[in-house]
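Undergrad: Handing over query31.cif, mmCIF, C-alpha atoms.
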```cif
data_my_file
loop_
_atom_site.group_PDB
_atom_site.id
_atom_site.type_symbol
_atom_site.label_atom_id
_atom_site.label_comp_id
_atom_site.auth_asym_id
_atom_site.auth_seq_id
_atom_site.Cartn_x
_atom_site.Cartn_y
_atom_site.Cartn_z
ATOM 1 C CA MET A 831 114.392 100.151 97.365
ATOM 2 C CA LYS A 832 116.225 103.429 97.633
ATOM 3 C CA ASN A 833 113.528 106.034 97.120
ATOM 4 C CA TYR A 834 110.023 106.765 98.347
ATOM 5 C CA PRO A 835 108.619 108.809 95.453
ATOM 6 C CA ARG A 836 105.061 110.061 95.211
ATOM 7 C CA ILE A 837 103.455 109.266 91.859
ATOM 8 C CA LEU A 838 100.078 110.221 90.471
ATOM 9 C CA THR A 839 98.486 107.869 87.963
ATOM 10 C CA ILE A 840 95.545 109.072 85.883
ATOM 11 C CA GLN A 841 93.373 106.461 84.166
ATOM 12 C CA ASP A 842 90.078 104.631 84.504
ATOM 13 C CA ILE A 843 89.314 102.058 87.176
ATOM 14 C CA SER A 844 87.448 98.819 86.484
ATOM 15 C CA CYS A 845 86.006 97.441 89.714
ATOM 16 C CA VAL A 846 86.459 93.898 88.370
ATOM 17 C CA GLY A 847 89.105 93.082 85.774
ATOM 18 C CA GLN A 848 92.859 93.512 85.981
ATOM 19 C CA CYS A 849 93.738 96.613 84.011
ATOM 20 C CA SER A 850 94.314 100.344 84.372
ATOM 21 C CA LEU A 851 94.216 101.487 88.020
ATOM 22 C CA THR A 852 93.560 98.030 89.476
ATOM 23 C CA VAL A 853 96.937 97.069 88.002
ATOM 24 C CA ALA A 854 98.841 100.335 88.405
ATOM 25 C CA LEU A 855 98.050 100.913 92.088
ATOM 26 C CA PRO A 856 99.321 97.586 93.480
ATOM 27 C CA ILE A 857 102.335 97.361 91.167
ATOM 28 C CA LEU A 858 103.549 100.910 91.781
ATOM 29 C CA SER A 859 103.015 100.410 95.509
ATOM 30 C CA ALA A 860 105.038 97.187 95.392
ATOM 31 C CA CYS A 861 107.801 99.171 93.698
ATOM 32 C CA GLY A 862 108.008 101.389 96.773
ATOM 33 C CA ALA A 863 106.088 104.415 95.531
ATOM 34 C CA GLU A 864 103.423 106.380 97.355
ATOM 35 C CA THR A 865 100.761 105.910 94.710
ATOM 36 C CA CYS A 866 98.032 108.508 94.305
ATOM 37 C CA ILE A 867 95.221 107.996 91.830
ATOM 38 C CA LEU A 868 92.936 110.152 89.731
ATOM 39 C CA PRO A 869 90.221 107.977 88.155
ATOM 40 C CA SER A 870 89.042 109.240 84.786
ATOM 41 C CA ALA A 871 86.026 106.889 84.921
ATOM 42 C CA VAL A 872 84.634 104.067 87.039
ATOM 43 C CA LEU A 873 83.465 100.878 85.309
ATOM 44 C CA SER A 874 81.792 97.885 86.910
ATOM 45 C CA THR A 875 84.087 95.662 84.809
ATOM 46 C CA HIS A 876 86.478 96.269 81.977
ATOM 47 C CA THR A 877 85.090 96.139 78.446
ATOM 48 C CA GLY A 878 87.048 93.164 77.140
ATOM 49 C CA GLY A 879 84.627 90.265 77.193
ATOM 50 C CA PHE A 880 82.104 91.399 79.785
ATOM 51 C CA SER A 881 78.651 92.590 78.712
ATOM 52 C CA GLY A 882 76.231 95.022 80.316
ATOM 53 C CA PHE A 883 78.963 96.842 82.241
ATOM 54 C CA THR A 884 78.286 100.227 83.808
ATOM 55 C CA VAL A 885 80.379 103.351 83.208
ATOM 56 C CA ARG A 886 80.552 106.547 85.248
ATOM 57 C CA ASP A 887 82.501 109.246 83.428
ATOM 58 C CA LEU A 888 84.504 111.452 85.827
ATOM 59 C CA THR A 889 85.903 113.902 83.292
ATOM 60 C CA ASP A 890 84.113 116.887 84.820
ATOM 61 C CA ASP A 891 85.539 116.109 88.272
ATOM 62 C CA ILE A 892 89.175 116.298 87.218
ATOM 63 C CA PRO A 893 89.679 120.113 87.208
ATOM 64 C CA ALA A 894 88.233 120.523 90.712
ATOM 65 C CA ILE A 895 90.368 117.697 92.098
ATOM 66 C CA ALA A 896 93.496 119.177 90.527
ATOM 67 C CA ALA A 897 92.618 122.641 91.832
ATOM 68 C CA HIS A 898 92.191 121.269 95.362
ATOM 69 C CA TRP A 899 95.592 119.583 95.218
ATOM 70 C CA GLN A 900 97.191 122.776 93.947
ATOM 71 C CA LYS A 901 95.591 124.744 96.805
ATOM 72 C CA GLU A 902 96.903 122.191 99.320
ATOM 73 C CA GLY A 903 100.402 122.297 97.820
ATOM 74 C CA ILE A 904 100.300 118.613 96.832
ATOM 75 C CA LEU A 905 102.958 117.886 94.229
ATOM 76 C CA PHE A 906 104.226 114.692 92.607
ATOM 77 C CA ASP A 907 107.599 113.166 91.723
ATOM 78 C CA GLY A 908 106.059 111.410 88.757
ATOM 79 C CA ILE A 909 102.813 111.516 86.780
ATOM 80 C CA TYR A 910 101.688 108.503 84.736
ATOM 81 C CA THR A 911 98.745 108.487 82.368
ATOM 82 C CA GLY A 912 97.083 105.434 80.881
ATOM 83 C CA TYR A 913 93.676 105.120 79.250
ATOM 84 C CA LEU A 914 92.015 108.523 78.945
ATOM 85 C CA GLY A 915 88.439 108.497 77.772
ATOM 86 C CA SER A 916 88.101 111.779 75.900
ATOM 87 C CA ILE A 917 89.876 114.722 74.297
ATOM 88 C CA PRO A 918 88.947 117.058 77.196
ATOM 89 C CA GLU A 919 90.706 114.671 79.589
ATOM 90 C CA ILE A 920 93.883 114.981 77.540
ATOM 91 C CA GLY A 921 93.755 118.746 78.018
ATOM 92 C CA TYR A 922 93.192 118.385 81.765
ATOM 93 C CA VAL A 923 96.195 116.067 81.995
ATOM 94 C CA GLN A 924 98.373 118.624 80.222
ATOM 95 C CA ASP A 925 97.300 121.186 82.829
ATOM 96 C CA ILE A 926 98.216 118.761 85.610
ATOM 97 C CA PHE A 927 101.630 118.191 84.043
ATOM 98 C CA ARG A 928 102.212 121.944 84.199
ATOM 99 C CA THR A 929 100.938 122.619 87.714
ATOM 100 C CA LEU A 930 101.422 119.587 89.969
ATOM 101 C CA ARG A 931 104.996 118.463 89.370
ATOM 102 C CA ARG A 932 107.815 118.809 91.836
ATOM 103 C CA GLU A 933 111.076 120.117 90.402
ATOM 104 C CA GLY A 934 112.681 117.285 88.474
ATOM 105 C CA ALA A 935 109.489 115.221 88.324
ATOM 106 C CA LYS A 936 109.076 112.868 85.370
ATOM 107 C CA THR A 937 106.012 112.404 83.198
ATOM 108 C CA PHE A 938 105.104 109.048 81.638
ATOM 109 C CA VAL A 939 102.459 108.575 78.933
ATOM 110 C CA ASP A 940 101.050 105.254 77.813
ATOM 111 C CA PRO A 941 98.814 106.305 74.870
ATOM 112 C CA ALA A 942 96.466 103.324 75.460
ATOM 113 C CA MET A 943 94.320 103.993 72.404
ATOM 114 C CA ALA A 944 94.932 101.269 69.812
ATOM 115 C CA ASP A 945 96.314 97.809 69.055
ATOM 116 C CA ASN A 946 96.588 95.342 66.191
ATOM 117 C CA GLY A 947 96.404 98.108 63.600
ATOM 118 C CA ARG A 948 93.152 99.662 64.863
ATOM 119 C CA LEU A 949 91.990 102.328 67.279
ATOM 120 C CA TYR A 950 89.917 101.142 70.214
ATOM 121 C CA GLY A 951 86.192 101.469 69.577
ATOM 122 C CA ALA A 952 85.727 104.599 71.690
ATOM 123 C CA PHE A 953 88.305 106.630 69.740
ATOM 124 C CA ASP A 954 88.710 108.270 66.343
ATOM 125 C CA MET A 955 91.553 110.024 64.519
ATOM 126 C CA ALA A 956 90.731 113.316 66.231
ATOM 127 C CA TYR A 957 91.547 111.629 69.538
ATOM 128 C CA ALA A 958 94.790 110.195 68.136
ATOM 129 C CA ASP A 959 95.813 113.648 66.914
ATOM 130 C CA ALA A 960 95.000 115.146 70.335
ATOM 131 C CA MET A 961 97.301 112.582 71.975
ATOM 132 C CA LYS A 962 100.327 113.739 69.987
ATOM 133 C CA PRO A 963 101.255 116.842 72.050
ATOM 134 C CA LEU A 964 100.736 114.913 75.298
ATOM 135 C CA CYS A 965 103.021 112.085 74.138
ATOM 136 C CA PHE A 966 105.668 114.326 72.617
ATOM 137 C CA GLY A 967 105.756 116.559 75.687
ATOM 138 C CA ALA A 968 106.318 113.657 78.106
ATOM 139 C CA ASP A 969 109.646 112.515 79.486
ATOM 140 C CA VAL A 970 108.814 108.903 78.604
ATOM 141 C CA VAL A 971 106.284 107.605 76.091
ATOM 142 C CA LEU A 972 105.293 103.919 76.017
ATOM 143 C CA PRO A 973 103.369 103.170 72.810
ATOM 144 C CA ASN A 974 102.795 99.812 71.185
ATOM 145 C CA LEU A 975 103.457 99.487 67.461
ATOM 146 C CA THR A 976 99.963 100.582 66.389
ATOM 147 C CA GLU A 977 100.049 103.650 68.630
ATOM 148 C CA ALA A 978 103.512 104.624 67.414
ATOM 149 C CA CYS A 979 102.258 104.454 63.832
ATOM 150 C CA LEU A 980 99.249 106.637 64.650
ATOM 151 C CA LEU A 981 101.423 109.179 66.447
ATOM 152 C CA THR A 982 103.739 109.489 63.443
ATOM 153 C CA ASP A 983 101.234 109.026 60.592
ATOM 154 C CA THR A 984 103.088 105.888 59.529
ATOM 155 C CA PRO A 985 101.274 103.047 57.712
ATOM 156 C CA TYR A 986 100.897 100.079 60.063
ATOM 157 C CA ARG A 987 102.473 96.779 59.045
ATOM 158 C CA GLU A 988 101.837 93.355 60.503
ATOM 159 C CA THR A 989 105.207 92.168 59.226
ATOM 160 C CA TYR A 990 108.279 94.396 59.248
ATOM 161 C CA ASP A 991 112.037 94.448 59.674
ATOM 162 C CA GLU A 992 114.472 96.368 61.842
ATOM 163 C CA ALA A 993 114.745 99.152 59.264
ATOM 164 C CA TYR A 994 111.011 99.850 59.588
ATOM 165 C CA ILE A 995 111.279 100.085 63.386
ATOM 166 C CA THR A 996 114.388 102.256 63.171
ATOM 167 C CA GLU A 997 112.521 104.652 60.883
ATOM 168 C CA LEU A 998 109.517 104.667 63.216
ATOM 169 C CA VAL A 999 111.690 105.454 66.248
ATOM 170 C CA GLY A 1000 113.359 108.234 64.279
ATOM 171 C CA LYS A 1001 109.971 109.783 63.503
ATOM 172 C CA LEU A 1002 108.992 109.689 67.188
ATOM 173 C CA GLN A 1003 112.258 111.356 68.126
ATOM 174 C CA ALA A 1004 111.915 114.000 65.415
ATOM 175 C CA ALA A 1005 108.448 114.833 66.747
ATOM 176 C CA GLY A 1006 109.924 115.540 70.177
ATOM 177 C CA ALA A 1007 109.546 112.270 72.098
ATOM 178 C CA GLY A 1008 111.860 111.877 75.078
ATOM 179 C CA THR A 1009 112.689 108.314 76.070
ATOM 180 C CA ILE A 1010 110.760 105.886 73.852
ATOM 181 C CA VAL A 1011 109.693 102.464 75.110
ATOM 182 C CA LEU A 1012 108.142 100.717 72.109
ATOM 183 C CA THR A 1013 106.379 97.487 73.047
ATOM 184 C CA GLY A 1014 105.270 94.394 71.180
ATOM 185 C CA ILE A 1015 108.101 94.408 68.628
ATOM 186 C CA SER A 1016 108.707 91.043 66.986
ATOM 187 C CA TYR A 1017 111.237 90.137 64.318
ATOM 188 C CA SER A 1018 110.499 86.392 64.401
ATOM 189 C CA PRO A 1019 107.357 84.299 65.005
ATOM 190 C CA ASP A 1020 108.518 82.813 68.312
ATOM 191 C CA ARG A 1021 109.854 85.952 70.005
ATOM 192 C CA THR A 1022 108.640 89.425 70.876
ATOM 193 C CA GLY A 1023 110.078 92.291 72.854
ATOM 194 C CA VAL A 1024 110.617 95.970 73.501
ATOM 195 C CA VAL A 1025 112.702 98.698 71.866
ATOM 196 C CA VAL A 1026 114.110 101.391 74.145
ATOM 197 C CA ALA A 1027 115.451 104.584 72.587
ATOM 198 C CA GLY A 1028 117.019 107.445 74.531
ATOM 199 C CA ASP A 1029 120.294 109.074 75.464
ATOM 200 C CA GLY A 1030 121.564 108.677 71.915
ATOM 201 C CA ARG A 1031 121.147 104.909 71.593
ATOM 202 C CA THR A 1032 118.528 102.322 70.737
ATOM 203 C CA GLN A 1033 118.404 98.872 72.354
ATOM 204 C CA TYR A 1034 116.187 95.832 71.881
ATOM 205 C CA TYR A 1035 115.242 93.173 74.405
ATOM 206 C CA SER A 1036 113.329 90.075 73.310
ATOM 207 C CA HIS A 1037 111.768 87.132 75.101
ATOM 208 C CA HIS A 1038 109.824 84.054 74.054
ATOM 209 C CA ARG A 1039 106.302 84.621 72.804
ATOM 210 C CA ILE A 1040 103.432 83.029 74.722
ATOM 211 C CA ASP A 1041 100.531 81.992 72.535
ATOM 212 C CA ARG A 1042 97.846 83.649 74.633
ATOM 213 C CA THR A 1043 96.336 87.118 74.475
ATOM 214 C CA CYS A 1044 95.693 88.533 77.944
ATOM 215 C CA HIS A 1045 93.795 91.661 78.880
ATOM 216 C CA GLY A 1046 95.735 94.326 80.774
ATOM 217 C CA THR A 1047 99.299 93.184 80.041
ATOM 218 C CA GLY A 1048 100.181 96.582 78.584
ATOM 219 C CA ASP A 1049 99.184 98.169 81.891
ATOM 220 C CA VAL A 1050 101.230 95.587 83.778
ATOM 221 C CA PHE A 1051 104.295 96.328 81.662
ATOM 222 C CA ALA A 1052 103.952 100.111 81.914
ATOM 223 C CA SER A 1053 103.402 100.051 85.674
ATOM 224 C CA VAL A 1054 106.479 97.908 86.342
ATOM 225 C CA TYR A 1055 108.601 100.028 84.021
ATOM 226 C CA ILE A 1056 107.511 103.263 85.698
ATOM 227 C CA GLY A 1057 107.852 101.847 89.204
ATOM 228 C CA ALA A 1058 111.414 100.780 88.427
ATOM 229 C CA ALA A 1059 112.257 104.087 86.730
ATOM 230 C CA LEU A 1060 111.135 105.979 89.835
ATOM 231 C CA GLN A 1061 113.679 103.923 91.800
ATOM 232 C CA GLY A 1062 116.430 105.123 89.472
ATOM 233 C CA VAL A 1063 116.662 101.983 87.347
ATOM 234 C CA PRO A 1064 118.002 102.894 83.859
ATOM 235 C CA ALA A 1065 115.489 102.764 81.026
ATOM 236 C CA PHE A 1066 116.699 99.568 79.335
ATOM 237 C CA GLU A 1067 117.006 97.664 82.613
ATOM 238 C CA ALA A 1068 113.541 98.865 83.647
ATOM 239 C CA ALA A 1069 112.120 97.642 80.330
ATOM 240 C CA LYS A 1070 113.749 94.229 80.752
ATOM 241 C CA LEU A 1071 112.348 93.932 84.260
ATOM 242 C CA ALA A 1072 108.881 94.943 83.045
ATOM 243 C CA ALA A 1073 108.968 92.503 80.135
ATOM 244 C CA ASP A 1074 110.107 89.606 82.319
ATOM 245 C CA PHE A 1075 107.442 90.379 84.928
ATOM 246 C CA THR A 1076 104.737 90.511 82.261
ATOM 247 C CA VAL A 1077 105.851 87.152 80.863
ATOM 248 C CA SER A 1078 105.891 85.563 84.330
ATOM 249 C CA SER A 1079 102.405 86.955 85.001
ATOM 250 C CA ILE A 1080 101.065 85.383 81.804
ATOM 251 C CA GLU A 1081 102.798 82.097 82.625
ATOM 252 C CA ALA A 1082 101.153 82.175 86.053
ATOM 253 C CA THR A 1083 97.758 82.438 84.324
ATOM 254 C CA VAL A 1084 97.824 79.999 81.411
ATOM 255 C CA ALA A 1085 96.860 76.999 83.545
ATOM 256 C CA TYR A 1086 93.697 78.778 84.725
ATOM 257 C CA PRO A 1087 91.270 79.130 81.780
ATOM 258 C CA GLU A 1088 88.624 80.560 84.112
ATOM 259 C CA HIS A 1089 90.931 83.541 84.641
ATOM 260 C CA TRP A 1090 90.325 84.899 81.134
ATOM 261 C CA TYR A 1091 89.853 88.571 82.115
ATOM 262 C CA GLY A 1092 93.456 89.438 83.043
ATOM 263 C CA VAL A 1093 96.684 87.983 84.408
ATOM 264 C CA ARG A 1094 97.452 86.741 87.895
ATOM 265 C CA PHE A 1095 100.167 89.358 88.359
ATOM 266 C CA GLU A 1096 99.634 89.548 92.119
ATOM 267 C CA THR A 1097 101.268 86.140 92.546
ATOM 268 C CA GLN A 1098 104.464 87.535 91.008
ATOM 269 C CA LEU A 1099 104.776 90.679 93.148
ATOM 270 C CA PRO A 1100 107.136 89.128 95.733
ATOM 271 C CA ALA A 1101 109.605 88.277 92.960
ATOM 272 C CA LEU A 1102 109.300 91.822 91.581
ATOM 273 C CA ILE A 1103 110.085 93.340 94.971
ATOM 274 C CA GLN A 1104 113.090 91.040 95.323
ATOM 275 C CA ALA A 1105 114.345 91.871 91.836
ATOM 276 C CA LEU A 1106 114.143 95.598 92.526
ATOM 277 C CA GLN A 1107 116.295 95.122 95.632
ATOM 278 C CA THR A 1108 119.149 93.888 93.425
ATOM 279 C CA LEU A 1109 119.049 96.651 90.790
#
```
Please express the file's structure as structure tokens.
TA:
Amino acid sequence: MKNYPRILTIQDISCVGQCSLTVALPILSACGAETCILPSAVLSTHTGGFSGFTVRDLTDDIPAIAAHWQKEGILFDGIYTGYLGSIPEIGYVQDIFRTLRREGAKTFVDPAMADNGRLYGAFDMAYADAMKPLCFGADVVLPNLTEACLLTDTPYRETYDEAYITELVGKLQAAGAGTIVLTGISYSPDRTGVVVAGDGRTQYYSHHRIDRTCHGTGDVFASVYIGAALQGVPAFEAAKLAADFTVSSIEATVAYPEHWYGVRFETQLPALIQALQTL
């Protein structure tokens, strides 16, 4: 790896369950980045299938942490946001984007608010509207199809064609999005993939679909993409690497039904490090 960037990632941390910071920290570190974290909340487990979990909201701590970093002159080469629990947190993140970036630093936003045509249970349309300026002010935005529809006020479709996706990408660009990495795009039942739009062109990469839904794979994809981008890997190549790593992580999990709460991505990190050495 060529660079040793310092990245800040802002999202919740589940003490058990592979998602959010428990995914982002090891993957970004494996990609050669000094990874700093700002937890937006601490959960005993993630919310996908566990019951009786505990939650400690850290929203009110964020301004003081950011102010301390600013006083100490701590700046970042990249800032990556995932799941944010409230509208006030979105505002705090926008402040951090303005005050804690080194010159030339990149911002990455994974909206992490919806899937399968619906907002997550903790959110409403006011939250989706509040996410728009954060997404459209970022250098890279990584929505899934549902999130892209919410960001552009586009009716969600379960079945669609390339013209629908082209129109959706055009709406994101017209709203001010920088590089767009649109995940979970499928034009046939047996394949799915990612659309990357930026620098005047749009490209699509597809891979075989695995018939298993796994918690945290969006965080896995985003973290690999961002880790590669920080090493100077072009957007489309970074998306391919992230997609392939996500697939291999799911494949490494399917034989273990007891591992229902995430993917065994850690077993694939050596291959990721090796792949980055060749890009």
Undergrad: Would you give me, as a tab-separated table, each residue of segment 852-932 of chain A having an atom within 9 Å of an atom of segment 953-968 of chain A, along with its shortest atom pair and that distance in Å to one decimal, using all atoms listed in the file and sorting by chain and residue number?
TA:
```
residue	atom	partner	partner_atom	distance
A:Gly915	CA	A:Phe953	CA	8.2
A:Ser916	CA	A:Tyr957	CA	7.2
A:Ile917	CA	A:Tyr957	CA	5.9
A:Ile920	CA	A:Met961	CA	7.0
A:Gly921	CA	A:Leu964	CA	8.4
A:Val923	CA	A:Leu964	CA	8.2
A:Gln924	CA	A:Leu964	CA	6.6
A:Phe927	CA	A:Ala968	CA	8.8
```
Undergrad: Could you list, as an NGL selection string, every residue matched by the PyMOL selection byres ((chain A and resi 836) around 8) in this structure?
TA: :A and (834-835 or 837-838 or 863-866 or 906-908)
Undergrad: For Trp899 of chain A, find every residue with an atom within 12 Å (counting only C-alpha atoms), except residues of its own chain fewer than 5 positions away, and show them as a list in words.
TA: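 In the requested form, the answer reads Leu838, Cys866, Leu868, Ile892, Pro893, Ala894, Ile904, Leu905, Phe906, Ile926, Thr929, Leu930 and Arg931 of chain A.
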Undergrad: Would you mind telling me which residue in A:Asp890, A:Asp991, A:Asp1049, A:Glu902 lies nearest to Pro856 of chain A when using only C-alpha atoms?
TA: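 Nearest to Pro856 of chain A: A:Asp1049.
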Undergrad: What residues come out when you apply the PyMOL selection byres ((chain A and resi 839-852) around 8) to this file, written as a PyMOL selection string?
TA: chain A and resi 837-838+853-856+865-876+909-915+1045-1047+1049-1050+1091-1093
Undergrad: Name the closest residue to Val1025 of chain A among the candidates A:Leu975, A:Leu980, A:Ile1040, A:Leu1102; distances are taken between atoms, counting only C-alpha atoms.
TA: A:Leu975
Undergrad: Could you tell me how far atom CA of Leu981 of chain A sits from atom CA of Ala1073 of chain A, in Å to one decimal place?
TA: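 Between atom CA of Ala1073 of chain A and atom CA of Leu981 of chain A the gap is 22.9 Å.
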Undergrad: Please write as an MDAnalysis selection string the full residue list that the PyMOL selection byres ((chain A and resi 1094) around 7) yields on this file.
TA: chainID A and resid 1079 1082:1083 1092:1093 1095:1097
Undergrad: Compare A:Ala1052, A:Leu998, A:Val971, A:Tyr950 by their minimum atom-to-atom distance to Thr877 of chain A, counting all atoms listed in the file, and give me the closest one.
TA: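 Distance minimum relative to Thr877 of chain A lands on A:Tyr950.
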Undergrad: Please compute the atom CA of Lys1001 of chain A-atom CA of Thr982 of chain A distance, one decimal, in Å.
TA: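 Computing the Euclidean distance for atom CA of Lys1001 of chain A and atom CA of Thr982 of chain A yields 6.2 Å.
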Undergrad: Around all the atoms of segment 885-899 of chain A listed in the file, draw an axis-aligned box and extend it by 5 Å on each of the six sides; I want its centre and edge lengths in Å to one decimal, as JSON.
TA:
```
{"center_x": 88.0, "center_y": 113.0, "center_z": 89.3, "size_x": 25.2, "size_y": 29.3, "size_z": 22.2}
```
Undergrad: Between A:Glu1067, A:Asp1041, A:Asp925, A:Asp1074, which is the closest to Gly1023 of chain A once you count all atoms listed in the file?
TA: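 Smallest distance to Gly1023 of chain A is found for A:Asp1074.
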Undergrad: To one decimal in Å, tell me the separation between atom CA of Thr884 of chain A and atom CA of Trp1090 of chain A.
TA: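 Those two atoms sit 19.7 Å apart.
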Undergrad: Which residue is closest to Val1084 of chain A? Choose from A:Ala944, A:Thr976, A:Arg1042, A:Phe883 and count all atoms listed in the file.
TA: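 Among A:Ala944, A:Thr976, A:Arg1042, A:Phe883, it is A:Arg1042 that comes nearest to Val1084 of chain A.
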Undergrad: Find the residues near Pro1019 of chain A: any atom within 12 Å, counting only C-alpha atoms, skip ones fewer than 6 places away on the same chain, and give them as a PDB file with C-alpha atoms, keeping the file's coordinate frame.
TA:
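Printed below is selection37.pdb as written:
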```pdb
ATOM      1  CA  GLU A 988     101.837  93.355  60.503  1.00  0.00           C
ATOM      2  CA  THR A 989     105.207  92.168  59.226  1.00  0.00           C
ATOM      3  CA  TYR A 990     108.279  94.396  59.248  1.00  0.00           C
ATOM      4  CA  SER A1036     113.329  90.075  73.310  1.00  0.00           C
ATOM      5  CA  HIS A1037     111.768  87.132  75.101  1.00  0.00           C
ATOM      6  CA  HIS A1038     109.824  84.054  74.054  1.00  0.00           C
ATOM      7  CA  ARG A1039     106.302  84.621  72.804  1.00  0.00           C
ATOM      8  CA  ILE A1040     103.432  83.029  74.722  1.00  0.00           C
ATOM      9  CA  ASP A1041     100.531  81.992  72.535  1.00  0.00           C
TER      10      ASP A1041
END
```
Undergrad: Neighbouring residues of Val1011 of chain A were defined as those with any atom within 10 Å, considering all atoms listed in the file; residues of the same chain fewer than 5 positions away were excluded. Please report them as a PDB file with C-alpha atoms, in the coordinates of the input.
TA:
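The result, stored in part13.pdb:
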```pdb
ATOM      1  CA  ASP A 940     101.050 105.254  77.813  1.00  0.00           C
ATOM      2  CA  VAL A 970     108.814 108.903  78.604  1.00  0.00           C
ATOM      3  CA  VAL A 971     106.284 107.605  76.091  1.00  0.00           C
ATOM      4  CA  LEU A 972     105.293 103.919  76.017  1.00  0.00           C
ATOM      5  CA  PRO A 973     103.369 103.170  72.810  1.00  0.00           C
ATOM      6  CA  ASN A 974     102.795  99.812  71.185  1.00  0.00           C
ATOM      7  CA  VAL A 999     111.690 105.454  66.248  1.00  0.00           C
ATOM      8  CA  VAL A1024     110.617  95.970  73.501  1.00  0.00           C
ATOM      9  CA  VAL A1025     112.702  98.698  71.866  1.00  0.00           C
ATOM     10  CA  VAL A1026     114.110 101.391  74.145  1.00  0.00           C
ATOM     11  CA  ALA A1027     115.451 104.584  72.587  1.00  0.00           C
ATOM     12  CA  GLY A1028     117.019 107.445  74.531  1.00  0.00           C
ATOM     13  CA  THR A1032     118.528 102.322  70.737  1.00  0.00           C
ATOM     14  CA  GLN A1033     118.404  98.872  72.354  1.00  0.00           C
ATOM     15  CA  TYR A1034     116.187  95.832  71.881  1.00  0.00           C
ATOM     16  CA  ALA A1052     103.952 100.111  81.914  1.00  0.00           C
ATOM     17  CA  TYR A1055     108.601 100.028  84.021  1.00  0.00           C
ATOM     18  CA  ALA A1065     115.489 102.764  81.026  1.00  0.00           C
ATOM     19  CA  PHE A1066     116.699  99.568  79.335  1.00  0.00           C
ATOM     20  CA  ALA A1069     112.120  97.642  80.330  1.00  0.00           C
TER      21      ALA A1069
END
```
Undergrad: Find the residue from A:Gln1061, A:Thr1043, A:Gln1003, A:Gln900 that sits nearest to Lys936 of chain A; use all atoms listed in the file when measuring.
TA: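 With all atoms listed in the file as the atom set, the closest residue is A:Gln1061.
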Undergrad: Report as a VMD selection string all protein, DNA and RNA residues lying within 10 Å of Gln1107 of chain A, evaluated on all atoms listed in the file, omitting residues in the same chain fewer than 2 positions from it.
TA: chain A and resid 831 to 832 861 1061 1101 to 1105 1109
